[in-house]
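Asks: Just so it is clear, I am handing over my_file13.cif, which has mmCIF, C-alpha atoms (C1' of nucleotides).
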data_input
loop_
_atom_site.group_PDB
_atom_site.id
_atom_site.type_symbol
_atom_site.label_atom_id
_atom_site.label_comp_id
_atom_site.auth_asym_id
_atom_site.auth_seq_id
_atom_site.Cartn_x
_atom_site.Cartn_y
_atom_site.Cartn_z
ATOM 1 C CA MET A 1 71.264 122.669 111.374
ATOM 2 C CA ASN A 2 72.882 125.677 109.841
ATOM 3 C CA ILE A 3 75.445 126.032 107.107
ATOM 4 C CA TYR A 4 77.924 127.855 109.316
ATOM 5 C CA SER A 5 77.704 125.456 112.241
ATOM 6 C CA ASP A 6 80.606 123.135 112.688
ATOM 7 C CA GLU A 7 78.330 120.124 112.630
ATOM 8 C CA PHE A 8 79.307 119.804 109.008
ATOM 9 C CA ASN A 9 82.908 119.440 110.021
ATOM 10 C CA SER A 10 82.000 116.700 112.490
ATOM 11 C CA LEU A 11 79.943 114.993 109.834
ATOM 12 C CA ALA A 12 82.775 115.186 107.336
ATOM 13 C CA GLU A 13 85.133 113.778 109.940
ATOM 14 C CA LEU A 14 82.756 110.917 110.542
ATOM 15 C CA TYR A 15 82.475 109.993 106.892
ATOM 16 C CA LYS A 16 86.208 110.339 106.402
ATOM 17 C CA ASN A 17 86.584 107.205 108.454
ATOM 18 C CA PHE A 18 84.483 105.325 105.942
ATOM 19 C CA SER A 19 86.395 106.670 102.971
ATOM 20 C CA ASP A 20 89.258 104.189 103.065
ATOM 21 C CA PRO A 21 88.959 100.574 101.899
ATOM 22 C CA THR A 22 91.212 99.262 104.651
ATOM 23 C CA ARG A 23 89.095 100.797 107.374
ATOM 24 C CA LEU A 24 85.903 99.635 105.670
ATOM 25 C CA LYS A 25 87.208 96.088 105.526
ATOM 26 C CA ILE A 26 88.194 96.235 109.170
ATOM 27 C CA MET A 27 84.736 97.436 110.139
ATOM 28 C CA TYR A 28 83.118 94.871 107.886
ATOM 29 C CA GLU A 29 85.023 92.026 109.514
ATOM 30 C CA LEU A 30 84.231 93.433 112.929
ATOM 31 C CA SER A 31 80.555 93.620 112.026
ATOM 32 C CA LYS A 32 80.644 89.820 111.889
ATOM 33 C CA GLU A 33 82.630 89.094 115.035
ATOM 34 C CA GLU A 34 85.116 90.396 117.549
ATOM 35 C CA LEU A 35 88.703 90.049 116.357
ATOM 36 C CA CYS A 36 92.216 90.746 117.535
ATOM 37 C CA VAL A 37 94.711 92.798 115.556
ATOM 38 C CA GLN A 38 96.632 89.865 114.136
ATOM 39 C CA GLU A 39 93.466 88.115 112.961
ATOM 40 C CA ILE A 40 92.388 91.248 111.119
ATOM 41 C CA ALA A 41 95.818 91.579 109.552
ATOM 42 C CA GLU A 42 95.669 88.001 108.299
ATOM 43 C CA ARG A 43 92.190 88.325 106.855
ATOM 44 C CA LEU A 44 93.110 91.487 104.986
ATOM 45 C CA ARG A 45 96.592 90.155 104.136
ATOM 46 C CA MET A 46 98.154 93.349 105.361
ATOM 47 C CA ASN A 47 100.880 93.900 107.882
ATOM 48 C CA GLN A 48 99.997 94.319 111.483
ATOM 49 C CA SER A 49 101.318 97.868 111.757
ATOM 50 C CA ALA A 50 99.043 99.224 109.053
ATOM 51 C CA ILE A 51 96.062 97.643 110.779
ATOM 52 C CA SER A 52 97.086 99.002 114.130
ATOM 53 C CA HIS A 53 97.369 102.535 112.756
ATOM 54 C CA GLN A 54 93.895 102.317 111.268
ATOM 55 C CA LEU A 55 92.453 100.818 114.418
ATOM 56 C CA ARG A 56 93.804 103.753 116.350
ATOM 57 C CA VAL A 57 92.003 106.099 113.989
ATOM 58 C CA LEU A 58 88.750 104.194 114.404
ATOM 59 C CA ARG A 59 89.209 103.993 118.156
ATOM 60 C CA ASN A 60 89.775 107.740 118.493
ATOM 61 C CA VAL A 61 86.438 108.499 116.896
ATOM 62 C CA ARG A 62 84.659 105.741 118.804
ATOM 63 C CA LEU A 63 83.727 103.677 115.796
ATOM 64 C CA VAL A 64 85.410 100.629 117.283
ATOM 65 C CA LYS A 65 86.145 99.714 120.868
ATOM 66 C CA PHE A 66 88.390 97.088 122.396
ATOM 67 C CA VAL A 67 89.114 95.151 125.518
ATOM 68 C CA LYS A 68 92.597 94.109 126.475
ATOM 69 C CA GLU A 69 92.839 90.394 127.169
ATOM 70 C CA GLY A 70 96.335 89.654 128.292
ATOM 71 C CA LYS A 71 98.627 90.636 125.486
ATOM 72 C CA MET A 72 95.853 90.622 122.963
ATOM 73 C CA ALA A 73 93.227 93.235 122.214
ATOM 74 C CA ARG A 74 89.748 92.156 121.145
ATOM 75 C CA TYR A 75 88.217 94.720 118.862
ATOM 76 C CA SER A 76 84.541 95.185 118.038
ATOM 77 C CA LEU A 77 82.237 97.818 116.559
ATOM 78 C CA ASP A 78 81.341 100.545 118.993
ATOM 79 C CA ASP A 79 77.708 101.100 118.139
ATOM 80 C CA ASP A 80 74.952 100.177 115.744
ATOM 81 C CA HIS A 81 75.118 103.379 113.735
ATOM 82 C CA VAL A 82 78.334 102.008 112.303
ATOM 83 C CA ARG A 83 76.476 98.982 111.013
ATOM 84 C CA TYR A 84 73.715 101.163 109.522
ATOM 85 C CA ILE A 85 76.113 103.475 107.784
ATOM 86 C CA LEU A 86 77.940 100.511 106.297
ATOM 87 C CA GLN A 87 74.694 98.902 105.219
ATOM 88 C CA ILE A 88 73.251 101.944 103.479
ATOM 89 C CA GLY A 89 76.504 102.427 101.628
ATOM 90 C CA VAL A 90 76.414 98.820 100.465
ATOM 91 C CA ASP A 91 72.817 99.249 99.315
ATOM 92 C CA HIS A 92 73.684 102.371 97.395
ATOM 93 C CA VAL A 93 76.669 100.802 95.681
ATOM 94 C CA LYS A 94 74.695 97.702 94.729
ATOM 95 C CA HIS A 95 71.832 99.853 93.538
ATOM 96 C CA THR A 96 73.908 102.075 91.278
ATOM 97 C CA ARG A 97 75.827 99.328 89.494
ATOM 98 C CA MET B 1 80.652 90.412 99.889
ATOM 99 C CA ASN B 2 84.256 89.417 100.148
ATOM 100 C CA ILE B 3 87.295 91.171 101.497
ATOM 101 C CA TYR B 4 89.141 91.032 98.200
ATOM 102 C CA SER B 5 86.254 92.268 96.072
ATOM 103 C CA ASP B 6 86.536 95.799 94.841
ATOM 104 C CA GLU B 7 83.168 96.660 96.312
ATOM 105 C CA PHE B 8 85.111 98.058 99.205
ATOM 106 C CA ASN B 9 86.858 100.437 96.877
ATOM 107 C CA SER B 10 83.531 101.576 95.467
ATOM 108 C CA LEU B 11 82.185 101.992 98.957
ATOM 109 C CA ALA B 12 85.212 104.003 100.026
ATOM 110 C CA GLU B 13 84.827 106.168 96.934
ATOM 111 C CA LEU B 14 81.203 106.750 97.798
ATOM 112 C CA TYR B 15 81.930 107.840 101.353
ATOM 113 C CA LYS B 16 84.833 109.992 100.229
ATOM 114 C CA ASN B 17 82.263 112.309 98.700
ATOM 115 C CA PHE B 18 80.694 112.815 102.098
ATOM 116 C CA SER B 19 84.005 113.462 103.796
ATOM 117 C CA ASP B 20 84.298 117.118 102.916
ATOM 118 C CA PRO B 21 82.305 119.885 104.634
ATOM 119 C CA THR B 22 81.840 121.875 101.435
ATOM 120 C CA ARG B 23 80.301 118.926 99.616
ATOM 121 C CA LEU B 24 78.158 118.078 102.631
ATOM 122 C CA LYS B 25 76.848 121.625 102.768
ATOM 123 C CA ILE B 26 76.095 121.564 99.068
ATOM 124 C CA MET B 27 74.174 118.308 99.428
ATOM 125 C CA TYR B 28 72.404 119.610 102.491
ATOM 126 C CA GLU B 29 71.215 122.714 100.674
ATOM 127 C CA LEU B 30 70.187 120.612 97.699
ATOM 128 C CA SER B 31 68.228 118.312 99.991
ATOM 129 C CA LYS B 32 65.959 121.285 100.646
ATOM 130 C CA GLU B 33 65.533 122.567 97.095
ATOM 131 C CA GLU B 34 66.984 122.751 93.620
ATOM 132 C CA LEU B 35 69.626 125.433 93.276
ATOM 133 C CA CYS B 36 71.940 126.905 90.671
ATOM 134 C CA VAL B 37 75.681 127.242 91.154
ATOM 135 C CA GLN B 38 75.650 130.904 92.063
ATOM 136 C CA GLU B 39 72.917 130.439 94.657
ATOM 137 C CA ILE B 40 74.925 127.681 96.325
ATOM 138 C CA ALA B 41 78.041 129.825 96.291
ATOM 139 C CA GLU B 42 76.191 132.652 97.986
ATOM 140 C CA ARG B 43 74.660 130.450 100.663
ATOM 141 C CA LEU B 44 78.018 128.932 101.502
ATOM 142 C CA ARG B 45 79.822 132.262 101.042
ATOM 143 C CA MET B 46 82.358 130.624 98.799
ATOM 144 C CA ASN B 47 83.529 131.503 95.348
ATOM 145 C CA GLN B 48 81.844 130.067 92.319
ATOM 146 C CA SER B 49 84.854 128.125 91.148
ATOM 147 C CA ALA B 50 85.193 126.117 94.325
ATOM 148 C CA ILE B 51 81.522 125.193 94.175
ATOM 149 C CA SER B 52 81.715 124.278 90.534
ATOM 150 C CA HIS B 53 84.680 121.984 91.152
ATOM 151 C CA GLN B 54 82.846 120.197 93.934
ATOM 152 C CA LEU B 55 79.679 119.924 91.905
ATOM 153 C CA ARG B 56 81.622 118.198 89.184
ATOM 154 C CA VAL B 57 82.874 115.665 91.706
ATOM 155 C CA LEU B 58 79.348 115.024 92.943
ATOM 156 C CA ARG B 59 78.020 114.855 89.398
ATOM 157 C CA ASN B 60 80.613 112.313 88.314
ATOM 158 C CA VAL B 61 79.531 109.904 91.000
ATOM 159 C CA ARG B 62 75.841 110.598 90.427
ATOM 160 C CA LEU B 63 75.144 112.064 93.819
ATOM 161 C CA VAL B 64 73.731 115.182 92.233
ATOM 162 C CA LYS B 65 72.195 115.784 88.840
ATOM 163 C CA PHE B 66 71.429 118.939 86.917
ATOM 164 C CA VAL B 67 69.425 120.369 84.078
ATOM 165 C CA LYS B 68 70.696 123.172 81.937
ATOM 166 C CA GLU B 69 68.275 126.069 81.706
ATOM 167 C CA GLY B 70 69.670 128.662 79.389
ATOM 168 C CA LYS B 71 72.928 129.802 80.871
ATOM 169 C CA MET B 72 72.058 128.447 84.267
ATOM 170 C CA ALA B 73 72.239 124.930 85.669
ATOM 171 C CA ARG B 74 69.698 123.747 88.205
ATOM 172 C CA TYR B 75 71.223 121.201 90.535
ATOM 173 C CA SER B 76 69.412 118.666 92.687
ATOM 174 C CA LEU B 77 70.134 115.465 94.589
ATOM 175 C CA ASP B 78 70.286 112.444 92.354
ATOM 176 C CA ASP B 79 68.585 109.850 94.523
ATOM 177 C CA ASP B 80 67.142 109.206 97.946
ATOM 178 C CA HIS B 81 70.100 107.197 99.212
ATOM 179 C CA VAL B 82 71.950 110.485 99.404
ATOM 180 C CA ARG B 83 69.338 111.815 101.780
ATOM 181 C CA TYR B 84 69.469 108.636 103.901
ATOM 182 C CA ILE B 85 73.232 108.662 104.130
ATOM 183 C CA LEU B 86 73.187 112.307 105.189
ATOM 184 C CA GLN B 87 70.454 111.653 107.734
ATOM 185 C CA ILE B 88 72.122 108.696 109.426
ATOM 186 C CA GLY B 89 75.338 110.659 109.683
ATOM 187 C CA VAL B 90 73.508 113.528 111.314
ATOM 188 C CA ASP B 91 71.844 111.125 113.765
ATOM 189 C CA HIS B 92 75.167 109.597 114.653
ATOM 190 C CA VAL B 93 76.855 112.928 115.223
ATOM 191 C CA LYS B 94 73.985 114.210 117.363
ATOM 192 C CA HIS B 95 73.918 110.955 119.277
ATOM 193 C CA THR B 96 77.603 110.943 120.135
ATOM 194 C CA ARG B 97 77.846 114.490 121.368
ATOM 195 C "C1'" DT C 1 78.927 141.356 66.352
ATOM 196 C "C1'" DG C 2 79.910 142.708 70.940
ATOM 197 C "C1'" DT C 3 79.057 142.611 75.836
ATOM 198 C "C1'" DA C 4 77.414 140.576 80.018
ATOM 199 C "C1'" DC C 5 76.588 136.762 82.645
ATOM 200 C "C1'" DA C 6 76.638 131.715 84.500
ATOM 201 C "C1'" DT C 7 79.299 128.004 84.628
ATOM 202 C "C1'" DA C 8 83.334 125.022 83.729
ATOM 203 C "C1'" DT C 9 88.198 124.052 83.468
ATOM 204 C "C1'" DG C 10 93.437 123.749 84.093
ATOM 205 C "C1'" DA C 11 97.504 124.630 86.583
ATOM 206 C "C1'" DA C 12 99.651 125.526 90.902
ATOM 207 C "C1'" DC C 13 99.999 125.292 95.680
ATOM 208 C "C1'" DA C 14 99.437 123.858 100.412
ATOM 209 C "C1'" DT C 15 97.571 120.384 103.259
ATOM 210 C "C1'" DT C 16 96.142 115.899 104.488
ATOM 211 C "C1'" DT C 17 96.488 111.033 104.132
ATOM 212 C "C1'" DA C 18 97.979 105.993 104.131
ATOM 213 C "C1'" DT C 19 101.646 102.987 104.331
ATOM 214 C "C1'" DT C 20 106.196 101.317 105.531
ATOM 215 C "C1'" DC C 21 110.053 100.724 108.467
ATOM 216 C "C1'" DA C 22 112.277 100.534 112.732
ATOM 217 C "C1'" DG C 23 111.897 100.497 117.278
ATOM 218 C "C1'" DA C 24 109.196 100.793 121.928
ATOM 219 C "C1'" DT C 25 105.871 99.007 125.287
ATOM 220 C "C1'" DG C 26 103.923 95.659 127.961
ATOM 221 C "C1'" DA C 27 102.144 90.917 129.090
ATOM 222 C "C1'" DA C 28 103.134 85.872 129.403
ATOM 223 C "C1'" DT C 29 106.432 82.107 130.039
ATOM 224 C "C1'" DT C 30 110.652 79.827 131.094
ATOM 225 C "C1'" DA D 1 115.889 88.288 134.399
ATOM 226 C "C1'" DA D 2 115.643 86.995 129.638
ATOM 227 C "C1'" DT D 3 112.817 85.688 125.759
ATOM 228 C "C1'" DT D 4 108.788 85.725 123.054
ATOM 229 C "C1'" DC D 5 104.760 87.511 121.340
ATOM 230 C "C1'" DA D 6 100.961 91.057 120.356
ATOM 231 C "C1'" DT D 7 100.347 95.599 119.875
ATOM 232 C "C1'" DC D 8 101.511 100.450 119.563
ATOM 233 C "C1'" DT D 9 104.156 104.452 118.118
ATOM 234 C "C1'" DG D 10 107.008 107.977 115.538
ATOM 235 C "C1'" DA D 11 109.351 109.425 111.554
ATOM 236 C "C1'" DA D 12 109.641 109.374 106.660
ATOM 237 C "C1'" DT D 13 107.788 109.032 102.186
ATOM 238 C "C1'" DA D 14 104.593 109.017 98.417
ATOM 239 C "C1'" DA D 15 100.089 109.934 96.875
ATOM 240 C "C1'" DA D 16 95.701 112.259 97.019
ATOM 241 C "C1'" DT D 17 92.919 116.259 98.035
ATOM 242 C "C1'" DG D 18 90.723 121.113 98.220
ATOM 243 C "C1'" DT D 19 91.094 125.783 97.065
ATOM 244 C "C1'" DT D 20 92.546 129.731 94.456
ATOM 245 C "C1'" DC D 21 93.593 132.270 90.378
ATOM 246 C "C1'" DA D 22 93.253 132.989 85.696
ATOM 247 C "C1'" DT D 23 91.061 131.747 81.722
ATOM 248 C "C1'" DA D 24 87.765 129.265 78.647
ATOM 249 C "C1'" DT D 25 83.127 128.000 77.119
ATOM 250 C "C1'" DG D 26 78.629 128.912 75.995
ATOM 251 C "C1'" DT D 27 74.119 131.383 76.260
ATOM 252 C "C1'" DA D 28 71.299 135.674 76.058
ATOM 253 C "C1'" DC D 29 70.409 139.853 74.408
ATOM 254 C "C1'" DA D 30 71.373 144.710 72.839
#
As a first step, turn the structure in this file into structure tokens.
Replies:
Amino acid sequence: MNIYSDEFNSLAELYKNFSDPTRLKIMYELSKEELCVQEIAERLRMNQSAISHQLRVLRNVRLVKFVKEGKMARYSLDDDHVRYILQIGVDHVKHTR
Amino acid sequence: MNIYSDEFNSLAELYKNFSDPTRLKIMYELSKEELCVQEIAERLRMNQSAISHQLRVLRNVRLVKFVKEGKMARYSLDDDHVRYILQIGVDHVKHTR
DNA sequence: TGTACATATGAACATTTATTCAGATGAATT
DNA sequence: AATTCATCTGAATAAATGTTCATATGTACA
């Protein structure tokens, strides 16, 4: 891995998704169970539009996935790396407090 | 860990530091060896001021540390979590390409 | 004391970002 | 077909961010 390769841009893009509390909370809730948009909005006490915007972001980078079920959309984490990255962050924060 | 706790803000703040290619490159270089500001600037082909600004950010959140040696400052990674977080990110990026 | 060098800082600017609001899409139900 | 409900989208706004330029600080050494 070399300093001028654009892997660093991809990496930065990846972490950017974890750099917002709303998205972290969404991923945290999804790490426990599949949820639809409205359920997430209620748990975070935020309006549905804000959640939907953030879900789109997370969808685009394949951190979450979803299946349409009628008029609802069931969201879940896309892969286990997401869980790891969350977990290590939690460890670090706990460790440095 | 609860949705309304501010741990999510701390977590987001932590990841924010990894969400910029310049800071990632700095941490990557420091994961290999201790370096002073000018050496980092040369490796990244960036000016010294930009590097210094980013180092301050990383210092403030204890991701890097430094020792003053005369007029120079030797920077290094502050703890092993930094290395882990970098590594998992790299794995994820490689895995999803 | 004066000069050179390494690093840090402050202000300014351009860019990116998250949220809100209003409205659009599309599925279910009557 | 009309209504209701869940979700998505686009535009607008406010706030945060990274870099550059110019300058300041502080150390070493003649």
Asks: Determine the residue set returned by the PyMOL selection byres ((chain B) within 12 of (chain D)) for the present structure, and present it as a list in words.
Replies: Lys16, Asn17, Ser19, Asp20, Pro21, Thr22, Arg23, Met46, Asn47, Gln48, Ser49, Ala50, Ile51, Ser52, His53, Gln54, Val57, Lys68, Glu69, Gly70, Lys71, Met72 and Ala73 of chain B
Asks: The PyMOL selection byres ((chain A) within 7 of (chain B)) - which residues does that actually catch in the file I just gave you? List them as a list in words.
Replies: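 Evaluating the PyMOL selection byres ((chain A) within 7 of (chain B)) on these coordinates yields Ile3, Phe8, Asn9, Ser10, Leu11, Ala12, Glu13, Tyr15, Lys16, Phe18, Ser19, Asp20, Pro21, Leu24, Lys25, Leu44, His81, Ile85, Ile88, Gly89, Val90, His92 and Val93 of chain A.
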Asks: Determine the residue set returned by the PyMOL selection byres ((chain C) within 8 of (chain B)) for the present structure, and present it as a short mmCIF file (atom, residue, chain, number, x, y, z; two decimals) with C-alpha atoms (C1' of nucleotides), keeping the file's coordinate frame.
Replies:
data_model
loop_
_atom_site.label_atom_id
_atom_site.label_comp_id
_atom_site.auth_asym_id
_atom_site.auth_seq_id
_atom_site.Cartn_x
_atom_site.Cartn_y
_atom_site.Cartn_z
"C1'" DA C 6 76.64 131.72 84.50
"C1'" DT C 7 79.30 128.00 84.63
"C1'" DA C 8 83.33 125.02 83.73
#
Asks: Could you check how far atom CA of Arg59 of chain A sits from atom CA of Arg83 of chain A, in Å to one decimal?
Replies: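 Separating atom CA of Arg59 of chain A from atom CA of Arg83 of chain A is a distance of 15.4 Å.
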Asks: What is the atom CA of Ser5 of chain A to atom CA of Leu35 of chain B distance in Å?
Replies: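 Atom CA of Leu35 of chain B lies 20.6 Å from atom CA of Ser5 of chain A.
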Asks: If you measure from atom CA of Ile40 of chain A to atom CA of Asn60 of chain A, what distance in Å do you get, rounded to one decimal?
Replies: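 One can read the atom CA of Ile40 of chain A to atom CA of Asn60 of chain A distance as 18.3 Å.
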Asks: Around all of segment 30-42 of chain B's listed atoms, make the axis-aligned box with 6 Å on each side and tell me centre and edge lengths in Å to one decimal, as AutoDock Vina command-line options.
Replies:
--center_x 71.8 --center_y 125.5 --center_z 95.7 --size_x 24.5 --size_y 26.3 --size_z 22.0
